[in-house]
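Structure below is upload_35.cif: mmCIF, C-alpha atoms.
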data_structure
#
loop_
_atom_site.label_atom_id
_atom_site.label_comp_id
_atom_site.auth_asym_id
_atom_site.auth_seq_id
_atom_site.Cartn_x
_atom_site.Cartn_y
_atom_site.Cartn_z
CA MET J 1 -16.12 -8.40 -8.43
CA SER J 2 -12.58 -9.03 -9.62
CA GLU J 3 -12.10 -5.46 -10.81
CA ASP J 4 -13.60 -4.12 -7.58
CA PHE J 5 -11.26 -6.36 -5.60
CA ASN J 6 -8.26 -5.15 -7.65
CA THR J 7 -9.26 -1.53 -7.04
CA LYS J 8 -9.44 -2.14 -3.31
CA MET J 9 -6.06 -3.89 -3.32
CA LYS J 10 -4.53 -0.95 -5.22
CA LEU J 11 -6.04 1.45 -2.67
CA LEU J 12 -4.60 -0.59 0.16
CA ILE J 13 -1.15 -0.70 -1.47
CA LYS J 14 -1.18 3.05 -2.14
CA SER J 15 -2.14 3.82 1.45
CA GLU J 16 0.62 1.55 2.75
CA LYS J 17 3.15 3.27 0.46
CA ALA J 18 1.96 6.69 1.64
CA MET J 19 2.32 5.60 5.29
CA LEU J 20 5.85 4.40 4.54
CA ARG J 21 6.74 7.71 2.87
CA LEU J 22 5.42 9.63 5.88
CA GLU J 23 7.40 7.46 8.26
CA ILE J 24 10.57 7.91 6.21
CA ARG J 25 10.02 11.68 6.10
CA LYS J 26 9.50 11.74 9.88
CA LYS J 27 12.64 9.70 10.51
CA SER J 28 14.70 11.89 8.19
CA ARG J 29 13.57 15.02 10.07
CA GLN J 30 14.42 13.33 13.36
CA THR J 31 17.84 12.39 12.00
CA PHE J 32 18.43 15.98 10.92
CA TRP J 33 17.54 17.29 14.37
CA ILE J 34 19.67 14.69 16.10
CA ALA J 35 22.64 15.59 13.88
CA LEU J 36 22.04 19.27 14.61
CA ALA J 37 21.83 18.45 18.31
CA LEU J 38 25.12 16.60 18.19
CA LEU J 39 26.82 19.41 16.31
CA ALA J 40 25.45 21.98 18.75
CA VAL J 41 26.50 19.90 21.70
CA LEU J 42 30.04 19.58 20.34
CA VAL J 43 30.36 23.29 19.65
CA THR J 44 28.79 24.09 22.99
CA LEU J 45 31.05 21.70 24.81
CA VAL J 46 34.14 23.09 23.22
CA LEU J 47 33.36 26.78 23.70
CA LEU J 48 31.29 26.69 26.84
CA ASN J 49 33.43 24.15 28.61
CA VAL J 50 36.54 26.21 28.21
CA THR J 51 34.82 29.40 29.31
CA VAL J 52 32.92 27.94 32.25
CA TYR J 53 35.83 25.84 33.42
CA LEU J 54 38.11 28.86 33.51
CA TYR J 55 35.48 30.82 35.41
CA LEU J 56 34.73 28.02 37.89
CA ALA J 57 38.35 27.19 38.39
CA GLN J 58 38.84 30.60 39.97
CA THR J 59 36.37 29.90 42.79
CA TYR J 60 36.11 26.07 43.00
CA THR J 61 38.42 23.14 42.78
CA PRO J 62 39.07 21.61 39.36
CA LEU J 63 36.99 18.53 40.30
CA VAL J 64 33.88 20.55 41.16
CA SER J 65 34.35 22.66 38.05
CA ALA J 66 34.45 19.54 35.85
CA ALA J 67 31.32 18.10 37.53
CA VAL J 68 29.35 21.28 36.93
CA LEU J 69 30.41 21.27 33.28
CA ALA J 70 29.34 17.65 32.86
CA GLY J 71 25.87 18.48 34.25
CA ILE J 72 25.47 21.42 31.88
CA ASN J 73 26.58 19.32 28.90
CA PHE J 74 24.11 16.57 29.79
CA ALA J 75 21.21 19.05 30.12
CA VAL J 76 21.93 20.56 26.70
CA ALA J 77 22.08 17.12 25.08
CA LEU J 78 18.73 16.15 26.66
CA LEU J 79 17.15 19.36 25.40
CA PHE J 80 18.13 18.68 21.77
CA LEU J 81 17.13 15.02 21.97
CA PHE J 82 13.73 16.05 23.31
CA VAL J 83 13.25 18.43 20.37
CA SER J 84 14.19 15.69 17.90
CA THR J 85 11.53 13.31 19.21
CA ARG J 86 8.71 15.86 18.96
CA GLN J 87 8.39 15.49 15.17
CA GLU J 88 4.87 14.32 14.25
CA ASN J 89 2.54 14.39 11.27
CA ALA J 90 -0.62 13.27 13.05
CA ALA J 91 -3.34 14.72 10.79
CA GLU J 92 -1.83 13.42 7.57
CA ALA J 93 -1.06 10.02 9.05
CA LYS J 94 -4.58 9.73 10.50
CA ALA J 95 -6.17 10.34 7.09
CA ILE J 96 -3.99 7.73 5.42
CA GLU J 97 -4.63 5.24 8.22
CA ASP J 98 -8.38 5.75 7.74
CA ILE J 99 -8.03 4.99 4.02
CA ARG J 100 -5.96 1.91 4.77
CA ASN J 101 -8.47 0.66 7.35
CA PHE J 102 -11.34 1.24 4.92
CA ALA J 103 -9.53 -0.76 2.23
CA TRP J 104 -8.89 -3.61 4.68
CA GLU J 105 -12.56 -3.65 5.69
CA GLN J 106 -13.69 -3.73 2.07
CA LEU J 107 -11.29 -6.53 1.18
CA SER J 108 -12.36 -8.49 4.24
CA SER J 109 -16.00 -8.04 3.27
CA ASP J 110 -15.30 -9.25 -0.28
CA ILE J 111 -13.46 -12.29 1.03
CA ASP J 112 -16.37 -13.08 3.36
CA ASP J 113 -18.76 -12.79 0.41
CA VAL J 114 -16.65 -15.24 -1.59
CA LYS J 115 -16.60 -17.65 1.37
CA GLN J 116 -20.39 -17.39 1.68
CA GLY J 117 -20.80 -17.99 -2.07
CA VAL J 118 -18.65 -21.11 -1.89
CA SER J 119 -20.61 -22.33 1.13
CA ASP J 120 -23.94 -21.72 -0.65
CA PHE J 121 -22.69 -23.53 -3.74
CA LYS J 122 -21.59 -26.48 -1.61
CA GLU J 123 -24.99 -26.66 0.08
CA SER J 124 -26.74 -26.49 -3.31
CA ALA J 125 -24.54 -29.25 -4.67
CA ILE J 126 -25.36 -31.41 -1.66
CA LYS J 127 -29.10 -30.79 -2.22
CA VAL J 128 -28.77 -31.76 -5.89
CA LYS J 129 -26.87 -34.90 -4.98
CA LYS J 130 -29.48 -35.87 -2.40
CA SER J 131 -32.25 -35.16 -4.88
CA VAL J 132 -30.58 -37.25 -7.58
CA ASP J 133 -29.94 -40.06 -5.10
CA SER J 134 -33.53 -40.08 -3.91
CA PHE J 135 -34.81 -39.88 -7.50
CA THR J 136 -32.71 -42.82 -8.68
CA SER J 137 -33.41 -44.94 -5.62
CA GLY J 138 -37.19 -44.57 -5.78
CA THR J 139 -39.33 -46.93 -7.83
CA ALA J 140 -42.15 -44.55 -8.62
CA PHE J 141 -41.67 -41.57 -10.90
CA GLY J 142 -43.53 -38.64 -9.41
CA LEU J 143 -43.41 -34.87 -9.32
CA ASN J 144 -42.43 -34.83 -5.64
CA LYS J 145 -39.17 -36.64 -6.54
CA VAL J 146 -38.22 -34.01 -9.14
CA MET J 147 -39.21 -30.88 -7.13
CA PRO J 148 -36.02 -30.63 -4.98
CA VAL J 149 -33.88 -30.69 -8.12
CA ILE J 150 -35.99 -28.03 -9.80
CA THR J 151 -36.00 -25.75 -6.74
CA THR J 152 -32.25 -26.09 -6.34
CA LEU J 153 -31.68 -25.18 -9.99
CA ILE J 154 -34.02 -22.19 -9.66
CA GLU J 155 -32.11 -20.99 -6.56
CA LEU J 156 -28.79 -21.30 -8.37
CA ASN J 157 -30.18 -19.37 -11.33
CA ARG J 158 -31.42 -16.56 -9.05
CA LYS J 159 -28.03 -16.20 -7.38
CA LYS J 160 -26.30 -15.74 -10.72
#

So that I can check it, write out the structure of this file as structure tokens.
Amino acid sequence: MSEDFNTKMKLLIKSEKAMLRLEIRKKSRQTFWIALALLAVLVTLVLLNVTVYLYLAQTYTPLVSAAVLAGINFAVALLFLFVSTRQENAAEAKAIEDIRNFAWEQLSSDIDDVKQGVSDFKESAIKVKKSVDSFTSGTAFGLNKVMPVITTLIELNRKK
């Protein structure tokens, strides 16, 4: 059981590492797109702002021209931020999550088996103690006094 438990722990650790690598890869792609968005926004603001402001200044007041430029700049920034948040690796992450969940279930099952084994051993020890107590307290030596001890030892031998 120990080797099986170690294998399941290794599987769990590997799946957690793989999930971490996927998350890091996703965040690095998001960072790249955000940096690209910021660069594009800066270039756009510099070139477009000058062009649009000069065009709008001919027909509108400088205040209205600046407000229109601010709205355009904000819309472009939102567009690039939206693109940066759309990075997903759902199929790959789902497979790794399934492996991780399987490993957790297996480990939990093993731990429950160990708990049950300890509980069974405790109950058997209590039976033996009661049998020994009743055997030593009785005055007559008979087969019915020895039977609980024998059955408990047979049960323990079967479990091993």

Taking only residues of range 13-84 of chain J that have an atom at most 12 Å from an atom of range 97-112 of chain J, what is each one's shortest atom pair and its distance in Å to one decimal, using all atoms listed in the file, in chain and number order, as a tab-separated table?
residue	atom	partner	partner_atom	distance
J:Ile13	CA	J:Arg100	CA	8.3
J:Lys14	CA	J:Arg100	CA	8.5
J:Ser15	CA	J:Arg100	CA	5.4
J:Glu16	CA	J:Arg100	CA	6.9
J:Lys17	CA	J:Arg100	CA	10.2
J:Ala18	CA	J:Glu97	CA	9.4
J:Met19	CA	J:Glu97	CA	7.6
J:Leu20	CA	J:Glu97	CA	11.1
J:Leu22	CA	J:Glu97	CA	11.2

Could you check which of J:Val83, J:Val68, J:Ala93, J:Ile154 is closest to Thr31 in chain J, using all atoms listed in the file?
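Closest residue, counting all atoms listed in the file: J:Val83.
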
CA of Ile24 in chain J to CA of Ser84 in chain J, distance in Å rounded to a single decimal:
14.5 Å

If you measure from CA of Lys94 in chain J to CA of Phe80 in chain J, what distance in Å do you get, rounded to one decimal?
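If I compute the distance from CA of Lys94 in chain J to CA of Phe80 in chain J, I get 26.9 Å.
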
How far is it from CA of Ala66 in chain J to CA of Leu54 in chain J, in Å with one decimal?
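Taking CA of Ala66 in chain J as the start and CA of Leu54 in chain J as the end point, the length is 10.3 Å.
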
Within 7 Å of (36.6, 19.2, 32.2), only C-alpha atoms: residues as an MDAnalysis selection string?
chainID J and resid 49 53 66 69

Which residue is closest to Leu79 in chain J? Choose from J:Tyr60, J:Tyr55, J:Ala95, J:Trp33 and count only C-alpha atoms.
J:Trp33
